[in-house]
Amino acid sequence: MDVATVYFTGGSTVERSNSGAEQQWREPVMLAPERQSRILKELQRYEAVRVTDLAAALGVSEMTVRRDIEALDGKGMLRKIHGGATRLTRLSAVEPGFASNSDLRPEAKEAIAQEALALVKPGMTLALTGGTTTYRLATLLNRVEGLTVITNSLKAAEALYQLQPADGSKVIITGGERTPSEALVGPVASAAIRCLNADICFMGVHGIDARRGLTSPNLVEAQTNSAFTASAERLVVLADHSKFNVRSLASVAELSDVDTLITDDGVSAATAAIFRPLVRTLRLAVIPPSRASSDWSAL
């Protein structure tokens, strides 16, 4: 996605007289409706814009831009967030199946999983929620010795059993009701999770919203994932760039609860700048160029 640094034509006009002398005439200051129109045009091109970029491009103060953004937010034409604005959030109530999701952005998910693996140390107890990116991480965990992995993901559990090294690593499956994303949820799963403690919870999410935090289209899965959040010392969210500015039915956790958010370098600079202050650490997984180009074919 393009970086949301914006440039507008305008500013000053130079005229040359018959004698060859140049005179510079300053254009009139833009009125609020014109400024706001240009801000909305930029949000048609980019998913997010920053106050500092808009102020420099429009030749006005940051306070003026903030007032314009507040006015547009009040009219329901954009969403005001820390440091800038985004398009109106996409509301998604559709829960995709595991198979349909696994084919989307595979190179991004692989890069994120590799970045997450660097946080795993021998002997740790990990929690893995459902999702295709957490599944990718599960396929790599046989590289680390002595792990105990708690998961409600049937696909992750299957991968862990198939790849399990002979070093005493353990897999604990929560039990519960099966979802289209091949996760086990509900009161049985939540009760099991509350009895256990993990060093790190690696969580996959359906959407990340600046105001509503981590979200899921499945009410029961949201409750189960909240239990995972409470059971772990650290919460690490694995989410490719398409998950930003998506708000689903149910909230799982606030962004302030997230210790580390790992996404891919396909996220726009503006979006990264907006979400970076909202979590403790934001890490960008680099997709190798040869893979990044093929990733677009999956979109």
# chains A, B, ... in the order shown; residues from 1 in each chain; ligands from 1
call {"tool": "residues_around", "arguments": {"residues": "range 141-154 of chain A", "least_positions_apart": "3", "cutoff": "7 Å", "atoms": "only C-alpha atoms", "output": "PyMOL selection string"}}
result
chain A and resi 121-130+137-138+157-158+163-165+167-175+182-184
call {"tool": "residues_around", "arguments": {"residues": "range 31-34 of chain A", "least_positions_apart": "2", "cutoff": "12 Å", "atoms": "only C-alpha atoms", "output": "list of chain:residue names"}}
result
A:Glu27, A:Pro28, A:Val29, A:Gln36, A:Ser37, A:Arg38, A:Ile39, A:Leu40, A:Lys41, A:Leu58, A:Gly59, A:Val60, A:Thr64, A:Val65, A:Arg66, A:Arg67, A:Asp68, A:Ile69, A:Glu70, A:Ala71, A:Leu72
call {"tool": "closest_residue", "arguments": {"among": "A:Leu255, A:Leu140, A:Leu117, A:Met63", "to": "Ala210 in chain A", "atoms": "only C-alpha atoms"}}
result
A:Leu255
call {"tool": "atom_distance", "arguments": {"atom1": "CA of Arg79 in chain A", "atom2": "CA of Val236 in chain A"}}
result
26.1 Å
call {"tool": "closest_residue", "arguments": {"among": "A:Gly84, A:Gly76, A:Gly204, A:Gly186", "to": "Tyr135 in chain A", "atoms": "only C-alpha atoms"}}
result
A:Gly204
call {"tool": "closest_residue", "arguments": {"among": "A:Asp264, A:Val279, A:Arg87, A:Ile274", "to": "Glu115 in chain A", "atoms": "only C-alpha atoms"}}
result
A:Asp264
call {"tool": "select_by_dssp", "arguments": {"residues": "range 91-266 of chain A", "states": "strand (DSSP E)", "output": "PyMOL selection string"}}
result
chain A and resi 91-92+125-128+148-151+170-173+177-178+184-185+198-204+207-209+213-216+232-238+246-248+250-253+260-264
call {"tool": "write_last_selection", "arguments": {"atoms": "C-alpha atoms", "output": "PDB file, in the first residue's frame"}}
result
ATOM      1  CA  LEU A  91     -17.278  -3.289   9.591  1.00  0.00           C
ATOM      2  CA  SER A  92     -16.912  -7.013   9.059  1.00  0.00           C
ATOM      3  CA  THR A 125       4.964 -22.224  27.736  1.00  0.00           C
ATOM      4  CA  LEU A 126       3.123 -20.703  24.791  1.00  0.00           C
ATOM      5  CA  ALA A 127      -0.532 -20.128  23.985  1.00  0.00           C
ATOM      6  CA  LEU A 128      -1.661 -20.162  20.350  1.00  0.00           C
ATOM      7  CA  THR A 148       4.649 -26.523  26.141  1.00  0.00           C
ATOM      8  CA  VAL A 149       1.997 -25.229  23.751  1.00  0.00           C
ATOM      9  CA  ILE A 150      -1.589 -24.549  24.789  1.00  0.00           C
ATOM     10  CA  THR A 151      -3.898 -24.112  21.820  1.00  0.00           C
ATOM     11  CA  LYS A 170       3.962 -30.950  25.001  1.00  0.00           C
ATOM     12  CA  VAL A 171       0.746 -29.899  23.296  1.00  0.00           C
ATOM     13  CA  ILE A 172      -2.385 -29.118  25.325  1.00  0.00           C
ATOM     14  CA  ILE A 173      -5.695 -28.776  23.465  1.00  0.00           C
ATOM     15  CA  GLU A 177     -17.054 -25.989  20.260  1.00  0.00           C
ATOM     16  CA  ARG A 178     -15.571 -25.891  16.755  1.00  0.00           C
ATOM     17  CA  LEU A 184     -12.354 -24.529  19.750  1.00  0.00           C
ATOM     18  CA  VAL A 185     -14.328 -21.941  21.713  1.00  0.00           C
ATOM     19  CA  ALA A 198       1.609 -19.030  29.577  1.00  0.00           C
ATOM     20  CA  ASP A 199       4.726 -16.947  29.016  1.00  0.00           C
ATOM     21  CA  ILE A 200       3.482 -15.622  25.666  1.00  0.00           C
ATOM     22  CA  CYS A 201       0.121 -15.748  23.925  1.00  0.00           C
ATOM     23  CA  PHE A 202       0.414 -15.509  20.146  1.00  0.00           C
ATOM     24  CA  MET A 203      -2.958 -14.303  18.929  1.00  0.00           C
ATOM     25  CA  GLY A 204      -4.445 -14.084  15.468  1.00  0.00           C
ATOM     26  CA  GLY A 207      -9.539  -6.933  12.763  1.00  0.00           C
ATOM     27  CA  ILE A 208      -7.592  -4.161  14.493  1.00  0.00           C
ATOM     28  CA  ASP A 209      -9.317  -0.866  15.150  1.00  0.00           C
ATOM     29  CA  GLY A 213      -8.820  -2.672  19.683  1.00  0.00           C
ATOM     30  CA  LEU A 214      -8.660  -6.332  18.661  1.00  0.00           C
ATOM     31  CA  THR A 215     -11.959  -7.630  17.300  1.00  0.00           C
ATOM     32  CA  SER A 216     -13.643 -10.834  16.130  1.00  0.00           C
ATOM     33  CA  ALA A 232      -0.403 -14.945  29.484  1.00  0.00           C
ATOM     34  CA  GLU A 233       2.408 -12.736  30.723  1.00  0.00           C
ATOM     35  CA  ARG A 234       2.772 -11.198  27.252  1.00  0.00           C
ATOM     36  CA  LEU A 235       0.308 -10.774  24.405  1.00  0.00           C
ATOM     37  CA  VAL A 236       1.813 -10.881  20.911  1.00  0.00           C
ATOM     38  CA  VAL A 237      -0.597 -10.221  18.042  1.00  0.00           C
ATOM     39  CA  LEU A 238       0.156 -11.618  14.579  1.00  0.00           C
ATOM     40  CA  VAL A 246     -11.244  -3.441  10.348  1.00  0.00           C
ATOM     41  CA  ARG A 247     -13.795  -3.536  13.167  1.00  0.00           C
ATOM     42  CA  SER A 248     -15.754  -6.732  13.788  1.00  0.00           C
ATOM     43  CA  ALA A 250     -16.991  -8.242  19.312  1.00  0.00           C
ATOM     44  CA  SER A 251     -13.962  -6.723  21.043  1.00  0.00           C
ATOM     45  CA  VAL A 252     -11.279  -9.071  22.369  1.00  0.00           C
ATOM     46  CA  ALA A 253      -8.759  -6.731  24.013  1.00  0.00           C
ATOM     47  CA  THR A 260       4.003  -6.699  20.635  1.00  0.00           C
ATOM     48  CA  LEU A 261       2.125  -6.308  17.368  1.00  0.00           C
ATOM     49  CA  ILE A 262       3.820  -8.023  14.431  1.00  0.00           C
ATOM     50  CA  THR A 263       2.678  -7.158  10.917  1.00  0.00           C
ATOM     51  CA  ASP A 264       4.297  -7.198   7.494  1.00  0.00           C
TER      52      ASP A 264
END
call {"tool": "atom_distance", "arguments": {"atom1": "CA of Gly83 in chain A", "atom2": "CA of Gln44 in chain A"}}
result
18.3 Å
call {"tool": "closest_residue", "arguments": {"among": "A:Ser256, A:Asn197, A:Thr134, A:Ser268", "to": "Ser181 in chain A", "atoms": "only C-alpha atoms"}}
result
A:Thr134
call {"tool": "closest_residue", "arguments": {"among": "A:Ser242, A:Thr281, A:Thr179, A:Thr86", "to": "Leu219 in chain A", "atoms": "only C-alpha atoms"}}
result
A:Thr179
call {"tool": "atom_distance", "arguments": {"atom1": "CA of Ala269 in chain A", "atom2": "CA of Arg212 in chain A"}}
result
21.0 Å
